[in-house]
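Q: This is the content of final_35.csv (CSV, C-alpha atoms):
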```csv
chain,number,residue,atom,x,y,z
A,1443,MET,CA,147.0,81.6,90.0
A,1444,ARG,CA,144.6,78.8,89.0
A,1445,ARG,CA,143.5,78.3,92.6
A,1446,PHE,CA,142.8,82.0,92.9
A,1447,ALA,CA,140.6,82.0,89.7
A,1448,ILE,CA,138.6,78.9,90.9
A,1449,ALA,CA,138.1,80.5,94.3
A,1450,THR,CA,136.9,83.7,92.6
A,1451,LEU,CA,134.5,81.8,90.4
A,1452,LEU,CA,133.1,79.9,93.4
A,1453,GLY,CA,132.7,83.1,95.4
A,1454,ALA,CA,130.8,84.8,92.6
A,1455,SER,CA,128.5,81.8,92.1
A,1456,LEU,CA,127.8,81.7,95.8
A,1457,ALA,CA,127.0,85.4,95.9
A,1458,ALA,CA,124.7,85.0,92.9
A,1459,MET,CA,122.8,82.1,94.7
A,1460,ALA,CA,122.5,84.1,97.9
A,1461,ALA,CA,120.9,87.1,96.1
A,1462,PRO,CA,117.1,86.9,96.1
A,1463,ALA,CA,115.6,85.6,92.9
A,1464,GLN,CA,113.6,88.2,91.1
A,1465,ALA,CA,110.3,87.2,89.7
A,1466,ALA,CA,109.5,87.9,86.0
A,1467,TRP,CA,107.3,90.9,85.2
A,1468,HIS,CA,103.9,90.2,83.7
A,1469,SER,CA,101.4,92.5,82.1
A,1470,TYR,CA,97.9,92.6,83.7
A,1471,VAL,CA,94.7,94.0,82.3
A,1472,SER,CA,91.2,94.6,83.6
A,1473,HIS,CA,88.8,95.3,80.7
A,1474,LYS,CA,86.0,95.9,83.2
A,1475,LEU,CA,88.0,98.6,85.2
A,1476,GLY,CA,89.7,100.0,82.1
A,1477,PHE,CA,93.4,99.8,82.7
A,1478,SER,CA,96.4,97.6,82.5
A,1479,PHE,CA,99.8,97.6,84.2
A,1480,GLU,CA,102.9,95.5,84.7
A,1481,ALA,CA,104.1,94.0,87.9
A,1482,PRO,CA,106.5,91.2,89.0
A,1483,GLY,CA,105.3,88.2,90.9
A,1484,ASP,CA,101.8,86.9,91.5
A,1485,VAL,CA,99.2,89.6,91.7
A,1486,LYS,CA,96.4,88.8,94.1
A,1487,ALA,CA,93.1,90.7,94.5
A,1488,SER,CA,91.5,91.6,97.7
A,1489,VAL,CA,88.9,94.0,99.1
A,1490,GLY,CA,89.9,97.0,101.1
A,1491,ALA,CA,88.4,100.1,102.6
A,1492,TYR,CA,89.2,103.8,102.2
A,1493,ARG,CA,87.8,106.8,104.1
A,1494,GLY,CA,88.4,110.4,103.2
A,1495,GLN,CA,86.9,113.4,104.9
A,1496,PHE,CA,85.4,114.6,101.6
A,1497,ALA,CA,85.1,111.2,99.8
A,1498,GLY,CA,83.5,109.4,102.8
A,1499,PRO,CA,83.8,105.7,103.4
A,1500,HIS,CA,84.5,103.6,100.2
A,1501,GLU,CA,85.1,100.0,99.5
A,1502,SER,CA,88.2,99.4,97.3
A,1503,ILE,CA,89.7,96.7,95.2
A,1504,ILE,CA,93.4,96.0,95.8
A,1505,PHE,CA,95.7,94.2,93.5
A,1506,ARG,CA,99.0,93.4,95.2
A,1507,SER,CA,102.2,91.5,94.8
A,1508,VAL,CA,105.5,91.5,96.7
A,1509,ASP,CA,108.9,90.8,95.0
A,1510,ASP,CA,112.4,91.3,96.3
A,1511,ASN,CA,111.0,93.2,99.3
A,1512,ILE,CA,109.2,95.7,97.2
A,1513,GLU,CA,105.4,95.8,97.6
A,1514,TYR,CA,103.4,96.7,94.4
A,1515,LYS,CA,99.8,97.7,94.9
A,1516,VAL,CA,97.0,99.0,92.7
A,1517,THR,CA,93.9,100.3,94.5
A,1518,VAL,CA,90.7,101.1,92.7
A,1519,MET,CA,87.7,102.9,94.1
A,1520,SER,CA,84.5,103.7,92.4
A,1521,PHE,CA,83.0,107.2,92.6
A,1522,MET,CA,80.5,106.9,89.7
A,1523,GLN,CA,78.0,109.2,91.4
A,1524,ALA,CA,80.6,111.9,92.2
A,1525,GLN,CA,82.6,112.3,88.9
A,1526,ALA,CA,82.3,116.0,88.9
A,1527,ASP,CA,84.0,116.0,92.3
A,1528,GLY,CA,86.9,113.9,90.9
A,1529,ALA,CA,89.4,116.7,91.3
A,1530,THR,CA,88.8,117.2,95.0
A,1531,ILE,CA,88.5,113.4,95.7
A,1532,LEU,CA,91.8,112.9,93.9
A,1533,GLY,CA,93.4,115.8,95.6
A,1534,GLU,CA,92.3,114.6,99.0
A,1535,ARG,CA,93.8,111.2,98.4
A,1536,GLU,CA,97.1,112.7,97.2
A,1537,TYR,CA,97.1,115.0,100.2
A,1538,ASN,CA,96.5,112.1,102.7
A,1539,PHE,CA,99.2,110.0,101.0
A,1540,GLN,CA,101.9,112.6,101.7
A,1541,ASN,CA,100.5,114.1,104.9
A,1542,GLU,CA,103.0,114.1,107.8
A,1543,LYS,CA,105.6,112.4,105.6
A,1544,LYS,CA,108.8,113.6,104.0
A,1545,VAL,CA,107.9,114.4,100.4
A,1546,LEU,CA,110.8,113.7,98.0
A,1547,MET,CA,108.9,114.3,94.8
A,1548,ASP,CA,105.6,115.7,93.8
A,1549,THR,CA,105.0,116.2,90.1
A,1550,PHE,CA,102.6,116.0,87.2
A,1551,GLY,CA,101.6,112.6,85.9
A,1552,ARG,CA,100.2,112.2,82.4
A,1553,VAL,CA,99.2,109.0,80.7
A,1554,GLU,CA,98.2,108.7,77.1
A,1555,PRO,CA,98.8,111.4,74.5
A,1556,GLY,CA,96.7,114.4,73.2
A,1557,LYS,CA,92.9,114.5,73.8
A,1558,ASP,CA,93.0,111.1,75.5
A,1559,ALA,CA,95.4,112.3,78.1
A,1560,ILE,CA,94.7,111.5,81.7
A,1561,TYR,CA,96.3,114.0,84.2
A,1562,GLY,CA,97.3,112.9,87.7
A,1563,ARG,CA,100.2,113.2,90.0
A,1564,LYS,CA,103.3,111.2,91.0
A,1565,ILE,CA,104.5,111.5,94.6
A,1566,THR,CA,107.4,109.9,96.4
A,1567,VAL,CA,107.4,109.9,100.2
A,1568,GLU,CA,109.6,108.5,103.0
A,1569,LEU,CA,107.6,106.5,105.4
A,1570,PRO,CA,107.9,107.3,109.1
A,1571,LYS,CA,110.1,105.3,111.5
A,1572,ASN,CA,112.3,104.0,108.7
A,1573,GLY,CA,109.4,102.2,107.1
A,1574,GLY,CA,110.8,102.5,103.6
A,1575,ARG,CA,110.0,104.6,100.6
A,1576,THR,CA,106.8,104.7,98.6
A,1577,LEU,CA,106.3,106.0,95.1
A,1578,GLY,CA,102.6,106.7,94.3
A,1579,ALA,CA,100.7,107.6,91.2
A,1580,PHE,CA,97.1,108.9,91.3
A,1581,TYR,CA,94.5,109.1,88.6
A,1582,PHE,CA,90.8,109.6,88.3
A,1583,VAL,CA,89.3,108.0,85.2
A,1584,ASN,CA,85.7,107.2,84.2
A,1585,GLY,CA,84.5,107.6,87.7
A,1586,LYS,CA,87.2,105.5,89.3
A,1587,MET,CA,90.2,106.6,91.4
A,1588,ILE,CA,93.2,104.5,90.5
A,1589,VAL,CA,96.2,104.6,92.8
A,1590,LEU,CA,99.5,102.7,92.1
A,1591,GLU,CA,101.9,102.4,95.0
A,1592,ALA,CA,105.3,100.8,95.1
A,1593,THR,CA,107.0,100.6,98.5
A,1594,ILE,CA,110.6,99.7,98.9
A,1595,LEU,CA,110.8,98.0,102.2
A,1596,PRO,CA,113.8,98.4,104.5
A,1597,ALA,CA,114.7,94.8,103.9
A,1598,ASN,CA,115.4,95.7,100.3
A,1599,GLY,CA,117.0,99.0,101.1
A,1600,ASP,CA,117.9,99.9,97.5
A,1601,TYR,CA,115.9,103.2,97.4
A,1602,ALA,CA,117.4,103.9,94.0
A,1603,SER,CA,115.8,100.8,92.4
A,1604,PRO,CA,114.2,101.5,89.1
A,1605,ASP,CA,111.5,98.9,89.7
A,1606,PRO,CA,109.0,101.2,91.5
A,1607,GLY,CA,109.2,103.7,88.5
A,1608,ARG,CA,108.8,100.8,86.0
A,1609,PHE,CA,105.6,99.7,87.9
A,1610,ILE,CA,104.1,103.2,88.2
A,1611,ASP,CA,104.8,104.2,84.6
A,1612,SER,CA,103.4,101.0,83.2
A,1613,ILE,CA,99.8,102.1,83.7
A,1614,VAL,CA,97.8,102.2,80.5
A,1615,PHE,CA,94.2,103.5,80.0
A,1616,GLN,CA,94.0,103.0,76.2
A,1617,LEU,CA,93.7,99.2,76.3
A,1618,GLN,CA,94.9,98.8,72.7
A,1619,ARG,CA,98.3,99.7,74.1
A,1620,THR,CA,98.3,96.8,76.6
A,1621,GLN,CA,100.9,94.3,76.0
A,1622,GLN,CA,99.8,91.2,74.1
A,1623,GLY,CA,99.3,88.2,76.4
A,1624,ALA,CA,98.4,90.3,79.4
A,1625,THR,CA,96.7,88.3,82.1
A,1626,GLU,CA,93.1,89.4,82.8
A,1627,LEU,CA,92.8,90.5,86.5
A,1628,LYS,CA,90.3,88.5,88.5
A,1629,LEU,CA,88.1,90.8,90.6
A,1630,PRO,CA,87.4,89.7,94.2
A,1631,GLU,CA,83.9,88.3,94.7
B,141,MET,CA,121.9,173.0,119.0
B,142,ARG,CA,118.2,172.7,119.8
B,143,SER,CA,117.1,174.6,116.7
B,144,ARG,CA,119.5,172.6,114.5
B,145,PHE,CA,117.9,169.4,115.9
B,146,SER,CA,114.4,170.7,115.2
B,147,ALA,CA,115.3,171.6,111.6
B,148,TRP,CA,116.7,168.1,111.1
B,149,ILE,CA,113.4,166.6,112.4
B,150,LEU,CA,111.4,168.9,110.1
B,151,ALA,CA,113.5,167.9,107.1
B,152,ALA,CA,113.0,164.2,108.0
B,153,VAL,CA,109.3,164.5,108.3
B,154,ALA,CA,109.0,166.5,105.0
B,155,GLY,CA,111.1,163.9,103.3
B,156,ALA,CA,109.0,161.0,104.6
B,157,ALA,CA,105.8,162.8,103.4
B,158,LEU,CA,107.3,163.3,100.0
B,159,VAL,CA,108.3,159.6,99.7
B,160,ALA,CA,104.8,158.6,100.8
B,161,SER,CA,103.1,160.9,98.3
B,162,ALA,CA,105.4,159.7,95.5
B,163,ALA,CA,104.5,156.0,96.2
B,164,PRO,CA,101.6,154.7,94.1
B,165,ALA,CA,98.3,154.7,96.1
B,166,SER,CA,97.0,151.3,96.7
B,167,ALA,CA,93.3,150.9,96.1
B,168,ALA,CA,91.0,149.5,98.8
B,169,TRP,CA,90.3,145.8,98.7
B,170,LYS,CA,86.7,144.8,98.1
B,171,GLY,CA,84.9,141.5,98.5
B,172,TYR,CA,83.2,139.9,95.5
B,173,ILE,CA,80.8,137.0,95.3
B,174,SER,CA,79.2,135.0,92.6
B,175,HIS,CA,76.3,132.9,93.9
B,176,PRO,CA,75.7,131.2,90.5
B,177,LEU,CA,79.4,130.3,90.1
B,178,GLY,CA,79.8,129.3,93.7
B,179,PHE,CA,82.7,131.3,95.1
B,180,ALA,CA,83.8,134.6,96.6
B,181,PHE,CA,87.1,136.4,96.7
B,182,ALA,CA,88.7,139.8,97.5
B,183,ALA,CA,90.6,142.1,95.2
B,184,PRO,CA,91.8,145.7,95.0
B,185,GLY,CA,90.6,148.2,92.4
B,186,ASP,CA,87.8,148.0,89.9
B,187,LEU,CA,87.2,144.7,88.3
B,188,LYS,CA,86.6,144.7,84.6
B,189,PHE,CA,85.0,141.9,82.8
B,190,GLU,CA,86.0,140.3,79.5
B,191,ARG,CA,85.2,137.2,77.6
B,192,GLY,CA,87.9,134.8,76.7
B,193,LYS,CA,88.7,131.5,75.1
B,194,TYR,CA,90.5,128.5,76.5
B,195,GLN,CA,91.9,125.7,74.4
B,196,ALA,CA,93.5,122.5,75.6
B,197,ALA,CA,93.9,119.0,74.2
B,198,VAL,CA,91.5,117.3,76.6
B,199,ALA,CA,89.2,120.2,77.3
B,200,GLY,CA,88.9,121.3,73.7
B,201,ASN,CA,87.7,124.8,72.9
B,202,CYS,CA,85.9,126.4,75.9
B,203,ASP,CA,84.5,129.8,76.7
B,204,SER,CA,85.9,131.6,79.6
B,205,MET,CA,85.1,134.6,81.7
B,206,VAL,CA,87.8,136.9,83.0
B,207,TRP,CA,87.5,139.5,85.7
B,208,ARG,CA,90.6,141.7,85.9
B,209,SER,CA,92.0,144.6,87.9
B,210,VAL,CA,95.3,146.3,88.1
B,211,ASP,CA,96.5,147.9,91.3
B,212,ASP,CA,100.0,149.2,92.3
B,213,GLY,CA,101.3,147.5,89.1
B,214,ILE,CA,100.0,144.1,90.1
B,215,GLU,CA,97.5,142.4,87.8
B,216,TYR,CA,94.7,140.4,89.5
B,217,LYS,CA,92.7,138.0,87.4
B,218,VAL,CA,89.9,135.6,88.1
B,219,ILE,CA,89.4,133.2,85.2
B,220,VAL,CA,86.4,130.9,85.0
B,221,ILE,CA,86.5,128.2,82.2
B,222,ASP,CA,83.2,126.6,81.3
B,223,THR,CA,83.7,122.8,81.3
B,224,VAL,CA,80.3,122.0,82.5
B,225,ALA,CA,79.6,119.7,79.6
B,226,GLN,CA,82.5,117.4,80.5
B,227,ALA,CA,82.6,117.9,84.3
B,228,ASN,CA,82.9,114.1,84.7
B,229,LYS,CA,86.6,114.6,83.7
B,230,ALA,CA,87.1,117.1,86.5
B,231,ALA,CA,90.5,115.8,87.8
B,232,THR,CA,92.0,115.6,84.3
B,233,LEU,CA,90.7,119.0,83.2
B,234,LEU,CA,92.1,120.6,86.3
B,235,GLY,CA,95.4,118.8,86.0
B,236,GLU,CA,95.6,119.9,82.3
B,237,ALA,CA,95.0,123.5,83.2
B,238,GLU,CA,97.7,123.4,85.9
B,239,TYR,CA,100.1,121.7,83.6
B,240,ILE,CA,99.6,124.3,80.8
B,241,PHE,CA,100.0,127.1,83.3
B,242,GLN,CA,103.5,126.0,84.2
B,243,ASP,CA,104.6,124.4,81.0
B,244,GLN,CA,108.0,125.6,79.8
B,245,LYS,CA,108.1,128.2,82.6
B,246,LYS,CA,110.3,128.3,85.7
B,247,LEU,CA,108.3,126.7,88.4
B,248,LEU,CA,108.9,128.1,91.9
B,249,MET,CA,106.1,126.5,93.8
B,250,ASP,CA,103.6,123.7,93.2
B,251,ALA,CA,101.7,122.9,96.4
B,252,PHE,CA,98.4,121.6,97.6
B,253,GLY,CA,95.6,124.1,97.9
B,254,ARG,CA,92.8,123.3,100.4
B,255,VAL,CA,89.8,125.6,101.0
B,256,ASP,CA,86.4,124.8,102.5
B,257,GLY,CA,86.8,121.1,101.8
B,258,LYS,CA,87.9,121.5,98.2
B,259,PHE,CA,91.4,120.4,97.1
B,260,GLY,CA,93.2,122.3,94.3
B,261,ARG,CA,96.7,123.5,93.7
B,262,LYS,CA,98.7,126.7,94.1
B,263,LEU,CA,101.6,127.4,91.7
B,264,THR,CA,104.1,130.2,91.3
B,265,ILE,CA,106.0,130.6,88.1
B,266,ASP,CA,108.5,133.1,86.6
B,267,LEU,CA,107.5,134.2,83.1
B,268,PRO,CA,110.1,134.6,80.4
B,269,ASN,CA,109.7,138.4,80.6
B,270,LYS,CA,110.8,138.2,84.3
B,271,SER,CA,107.4,138.8,85.7
B,272,ARG,CA,106.1,136.4,88.3
B,273,THR,CA,102.6,134.9,88.6
B,274,THR,CA,101.1,133.1,91.6
B,275,ALA,CA,97.9,131.1,90.8
B,276,ALA,CA,95.4,128.8,92.4
B,277,PHE,CA,93.3,126.3,90.5
B,278,TRP,CA,90.0,124.8,91.6
B,279,PHE,CA,87.2,122.9,90.0
B,280,VAL,CA,83.8,124.3,91.1
B,281,ASN,CA,80.4,123.3,89.9
B,282,GLY,CA,81.8,122.0,86.6
B,283,ARG,CA,84.1,124.9,85.9
B,284,ILE,CA,87.8,125.5,86.3
B,285,VAL,CA,88.3,128.5,88.5
B,286,SER,CA,91.7,130.1,88.6
B,287,LEU,CA,92.9,133.2,90.5
B,288,GLN,CA,96.1,134.6,89.2
B,289,ALA,CA,98.2,137.6,90.4
B,290,THR,CA,101.1,138.8,88.3
B,291,VAL,CA,103.9,141.1,89.5
B,292,PRO,CA,105.6,142.8,86.5
B,293,ALA,CA,109.3,142.5,85.8
B,294,ASN,CA,111.4,144.6,88.2
B,295,GLY,CA,108.3,144.7,90.6
B,296,ASP,CA,108.3,143.6,94.2
B,297,VAL,CA,108.1,139.8,93.8
B,298,ASP,CA,108.0,139.4,97.6
B,299,THR,CA,104.8,141.4,97.9
B,300,PRO,CA,102.2,139.7,100.1
B,301,GLU,CA,99.4,141.0,97.9
B,302,MET,CA,99.6,138.1,95.4
B,303,ALA,CA,99.0,135.5,98.2
B,304,ARG,CA,96.3,137.7,99.8
B,305,PHE,CA,94.4,137.6,96.5
B,306,VAL,CA,94.9,134.0,95.7
B,307,ASP,CA,94.1,132.9,99.3
B,308,SER,CA,91.0,135.0,99.6
B,309,ILE,CA,88.9,132.5,97.7
B,310,THR,CA,86.1,130.8,99.6
B,311,PHE,CA,83.4,128.4,98.5
B,312,TYR,CA,81.1,129.0,101.4
B,313,PRO,CA,78.9,132.1,100.9
B,314,VAL,CA,78.8,132.7,104.6
B,315,ARG,CA,82.6,133.2,104.6
B,316,ALA,CA,82.4,136.0,102.0
B,317,ALA,CA,82.8,139.6,103.1
B,318,ASP,CA,79.6,141.0,104.6
B,319,ASP,CA,79.6,143.8,102.0
B,320,ALA,CA,80.7,141.6,99.1
B,321,LEU,CA,79.6,142.8,95.7
B,322,GLU,CA,77.8,140.3,93.4
B,323,LEU,CA,79.9,139.7,90.4
B,324,PRO,CA,77.9,140.7,87.3
B,325,LEU,CA,77.7,137.8,84.8
B,326,PRO,CA,77.5,138.4,81.1
B,327,LYS,CA,74.1,138.1,79.5
```
Can you dump the structure from the file as C-alpha cells?

A:
Amino acid sequence: MRRFAIATLLGASLAAMAAPAQAAWHSYVSHKLGFSFEAPGDVKASVGAYRGQFAGPHESIIFRSVDDNIEYKVTVMSFMQAQADGATILGEREYNFQNEKKVLMDTFGRVEPGKDAIYGRKITVELPKNGGRTLGAFYFVNGKMIVLEATILPANGDYASPDPGRFIDSIVFQLQRTQQGATELKLPE
Amino acid sequence: MRSRFSAWILAAVAGAALVASAAPASAAWKGYISHPLGFAFAAPGDLKFERGKYQAAVAGNCDSMVWRSVDDGIEYKVIVIDTVAQANKAATLLGEAEYIFQDQKKLLMDAFGRVDGKFGRKLTIDLPNKSRTTAAFWFVNGRIVSLQATVPANGDVDTPEMARFVDSITFYPVRAADDALELPLPK
C-alpha cells in the first residue's frame, strides 16, 4: 500500500514537471496608442504590413508573445486621415480575417460602458490545414484600428482553453481602468 | 365526356382568376437616388417622408430622416441618421446602431454586407409581436444609413421582397436605375 502511494506521488510529480510551464500574465499599456491589455510571457514589438482593397497598404505595429503554444498578438494600424471610413476599414479587416475559413463565432464586441463604449466584433475561426484556432477582436478607436488575435496552435491542442478569451477581453481603452503596475509598451523605432 | 372536361377546365380557370383577383396587388418597384446623401435603392409603392429622432449612448441625440412605404403588407423603410458631427467614430456609431437593432430580439441572421467597396452588416430579427425585420446598416458620408423591411406577424416571412429591398442599395450613382427618382430632402 505504502509502495503504491509513493509510486503515485512520484508519477504525479513527473507529470507536473513534464507539463509546459505557463508564464505569468502581465498588464501592458501604451499611453501613446491609447489602450492596455494583458498577456502572458514577454511581449515584443515589431513592424508589420497590412494591405486591404479599401484600406490600401499600411504599416502596422505588432505586439506579440507566445506562451504554451498559444500566440498572442496585438496589431495597430493608423488611419488618422480616414476616420470617417472607419466602419468600412474595420469591416474589411474583419471580413478578410474570416474569409475562406470556418467561422465558429461572430458576435458583437463592446468595451467600456455608456457613452464611452467602443463597438467592434469578436470572431473565432478555424485555420485551414489544421493550423489551429484563432480568436480575434477588432476595434477602431481614435483613428487607429486595433486587432487582438490569440491563436491556439496544434501543438497546444486545447481549443477550449480560456486563455484566448482572457487575452481578447482584457483590452481597455479608458486607461484609468488599466491595472496598476502595467508595463509601458515600447514602440518599434 | 368532352363537355364535362371543358366544364372542368372552365371552372379551374375561373377559380384561378378569382384567386388572382383576391390577392393584394403588388405595386411596381421604382428606383430612388439621393445624390447629396450618396446612395440609391429600389422600393415598391409611394415613399413618404417623415423626420425622426435617434438616441444612443455613444451617438447621443441625432436627427434622422425616414422614407417609408407599405406594399402587400410589407413595410419598407430607409433611415438616415445624421452623425456628421462625429463621423470620426464611424465604426463605433455603426456598431452601436446594429447592436441596438438586435438587442433583446431573436437574432436570425448577422452577416457581412459588402456593396460597392463598402462594408456593413445585414441582420434579420424576429420582433416580440412575431413580425420579422431584415435590415442592412451602412456608414455613408458621415451618416448611418439603414434599410429595413418588415413582414407583419402571420405574413409570408419567406418572401424574397425583403432581401430585394435591402440588397438594392448602391453607392455608385451609375448603378442606380436609369429612371431613378431623386429623393426629396426636407428643407

Q: A:Val1545, A:Val1516, A:Ala1491, A:Ala1481: which is nearest chain B, counting all atoms listed in the file?

A: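 Closest to chain B of all the choices is A:Val1545.
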
Q: With chain A as the partner and 8 Å as the cut-off, tabulate the residues of chain B that qualify, each row holding the nearest pair of atoms and their distance in Å to one decimal, using all atoms listed in the file, sorted by chain and rising number, as CSV.

A:
```
residue,atom,partner,partner_atom,distance
B:Ala197,CA,A:Lys1557,CA,4.6
B:Val198,CA,A:Lys1557,CA,4.2
B:Ala199,CA,A:Lys1557,CA,7.6
B:Gly200,CA,A:Lys1557,CA,7.9
B:Ala227,CA,A:Ala1526,CA,5.0
B:Asn228,CA,A:Gln1525,CA,4.6
B:Lys229,CA,A:Ala1526,CA,6.9
B:Ala230,CA,A:Ala1529,CA,5.3
B:Ala231,CA,A:Ala1529,CA,3.8
B:Thr232,CA,A:Tyr1561,CA,4.6
B:Leu233,CA,A:Tyr1561,CA,7.6
B:Leu234,CA,A:Ala1529,CA,6.9
B:Gly235,CA,A:Tyr1561,CA,5.2
B:Glu236,CA,A:Tyr1561,CA,6.2
B:Tyr239,CA,A:Phe1550,CA,7.2
B:Phe252,CA,A:Tyr1537,CA,7.2
B:Gly257,CA,A:Phe1496,CA,6.7
B:Lys258,CA,A:Thr1530,CA,5.4
B:Phe259,CA,A:Thr1530,CA,4.6
B:Gly260,CA,A:Gly1533,CA,6.6
B:Phe279,CA,A:Ala1529,CA,6.7
B:Asn281,CA,A:Ala1526,CA,7.6
B:Gly282,CA,A:Ala1526,CA,6.4
```

Q: Take the residues from that selection and write them out as a PDB file, in the coordinates of the input, keeping C-alpha atoms.

A:
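Contents of selection-v6.pdb, freshly written:
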```
ATOM      1  CA  ALA B 197      93.900 119.000  74.200  1.00  0.00           C
ATOM      2  CA  VAL B 198      91.500 117.300  76.600  1.00  0.00           C
ATOM      3  CA  ALA B 199      89.200 120.200  77.300  1.00  0.00           C
ATOM      4  CA  GLY B 200      88.900 121.300  73.700  1.00  0.00           C
ATOM      5  CA  ALA B 227      82.600 117.900  84.300  1.00  0.00           C
ATOM      6  CA  ASN B 228      82.900 114.100  84.700  1.00  0.00           C
ATOM      7  CA  LYS B 229      86.600 114.600  83.700  1.00  0.00           C
ATOM      8  CA  ALA B 230      87.100 117.100  86.500  1.00  0.00           C
ATOM      9  CA  ALA B 231      90.500 115.800  87.800  1.00  0.00           C
ATOM     10  CA  THR B 232      92.000 115.600  84.300  1.00  0.00           C
ATOM     11  CA  LEU B 233      90.700 119.000  83.200  1.00  0.00           C
ATOM     12  CA  LEU B 234      92.100 120.600  86.300  1.00  0.00           C
ATOM     13  CA  GLY B 235      95.400 118.800  86.000  1.00  0.00           C
ATOM     14  CA  GLU B 236      95.600 119.900  82.300  1.00  0.00           C
ATOM     15  CA  TYR B 239     100.100 121.700  83.600  1.00  0.00           C
ATOM     16  CA  PHE B 252      98.400 121.600  97.600  1.00  0.00           C
ATOM     17  CA  GLY B 257      86.800 121.100 101.800  1.00  0.00           C
ATOM     18  CA  LYS B 258      87.900 121.500  98.200  1.00  0.00           C
ATOM     19  CA  PHE B 259      91.400 120.400  97.100  1.00  0.00           C
ATOM     20  CA  GLY B 260      93.200 122.300  94.300  1.00  0.00           C
ATOM     21  CA  PHE B 279      87.200 122.900  90.000  1.00  0.00           C
ATOM     22  CA  ASN B 281      80.400 123.300  89.900  1.00  0.00           C
ATOM     23  CA  GLY B 282      81.800 122.000  86.600  1.00  0.00           C
TER      24      GLY B 282
END
```

Q: What is the atom CA of B:Ala182-atom CA of B:Glu215 distance in Å, reported with one decimal?

A: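 That distance, rounded to one decimal, is 13.4 Å.
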
Q: Between atom CA of A:Ala1592 and atom CA of B:Arg254, measure the distance and give it in Å to one decimal.

A: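 Result for atom CA of A:Ala1592 versus atom CA of B:Arg254: 26.3 Å, one decimal.
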
Q: To one decimal in Å, tell me the separation between atom CA of A:Gly1578 and atom CA of A:Leu1590.

A: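 The value is 5.5 Å.
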
Q: Using all atoms listed in the file, which residues sit within 9 Å of A:Val1567 once same-chain residues fewer than 6 positions away are excluded, as a ChimeraX atom specification?

A: /A:1539-1540,1543-1548,1574-1578

Q: Do you know which residues are at most 7 Å from A:Trp1467 counting all atoms listed in the file, after dropping those on the same chain fewer than 3 positions away, and could you put them as a PyMOL selection string?

A: chain A and resi 1480-1483

Q: Using only C-alpha atoms, which protein or nucleic acid residues come within 8 Å of B:Ser166? Drop anything in the same chain fewer than 4 positions from it, and give the result as a PyMOL selection string.

A: chain B and resi 184+211-212

Q: Quick one: everything within 7 Å of B:Phe179, counting all atoms listed in the file, minus sequence neighbours fewer than 3 positions away in the same chain. Send it as a list in words.

A: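 Residues near the query, excluding close chain neighbours: Ile173, Ser174, His175, Ile309, Thr310, Phe311, Tyr312 and Pro313 of chain B.
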
Q: Find the residues near A:Thr1620: any atom within 8 Å, counting only C-alpha atoms, skip ones fewer than 4 places away on the same chain, and give them as a list in words.

A: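 Those residues are Ser1469, Val1471, Ser1478, Phe1479, Val1614, Gln1616 and Ala1624 of chain A.
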
Q: Mind dumping the selected residues with C-alpha atoms as a PDB file, in the coordinates of the input?

A:
```pdb
ATOM      1  CA  SER A1469     101.400  92.500  82.100  1.00  0.00           C
ATOM      2  CA  VAL A1471      94.700  94.000  82.300  1.00  0.00           C
ATOM      3  CA  SER A1478      96.400  97.600  82.500  1.00  0.00           C
ATOM      4  CA  PHE A1479      99.800  97.600  84.200  1.00  0.00           C
ATOM      5  CA  VAL A1614      97.800 102.200  80.500  1.00  0.00           C
ATOM      6  CA  GLN A1616      94.000 103.000  76.200  1.00  0.00           C
ATOM      7  CA  ALA A1624      98.400  90.300  79.400  1.00  0.00           C
TER       8      ALA A1624
END
```

Q: Looking at only C-alpha atoms, which of B:Ala289, B:Arg283, B:Leu263, B:Arg208 is the one that sits closest to B:Ser308?

A: B:Ala289
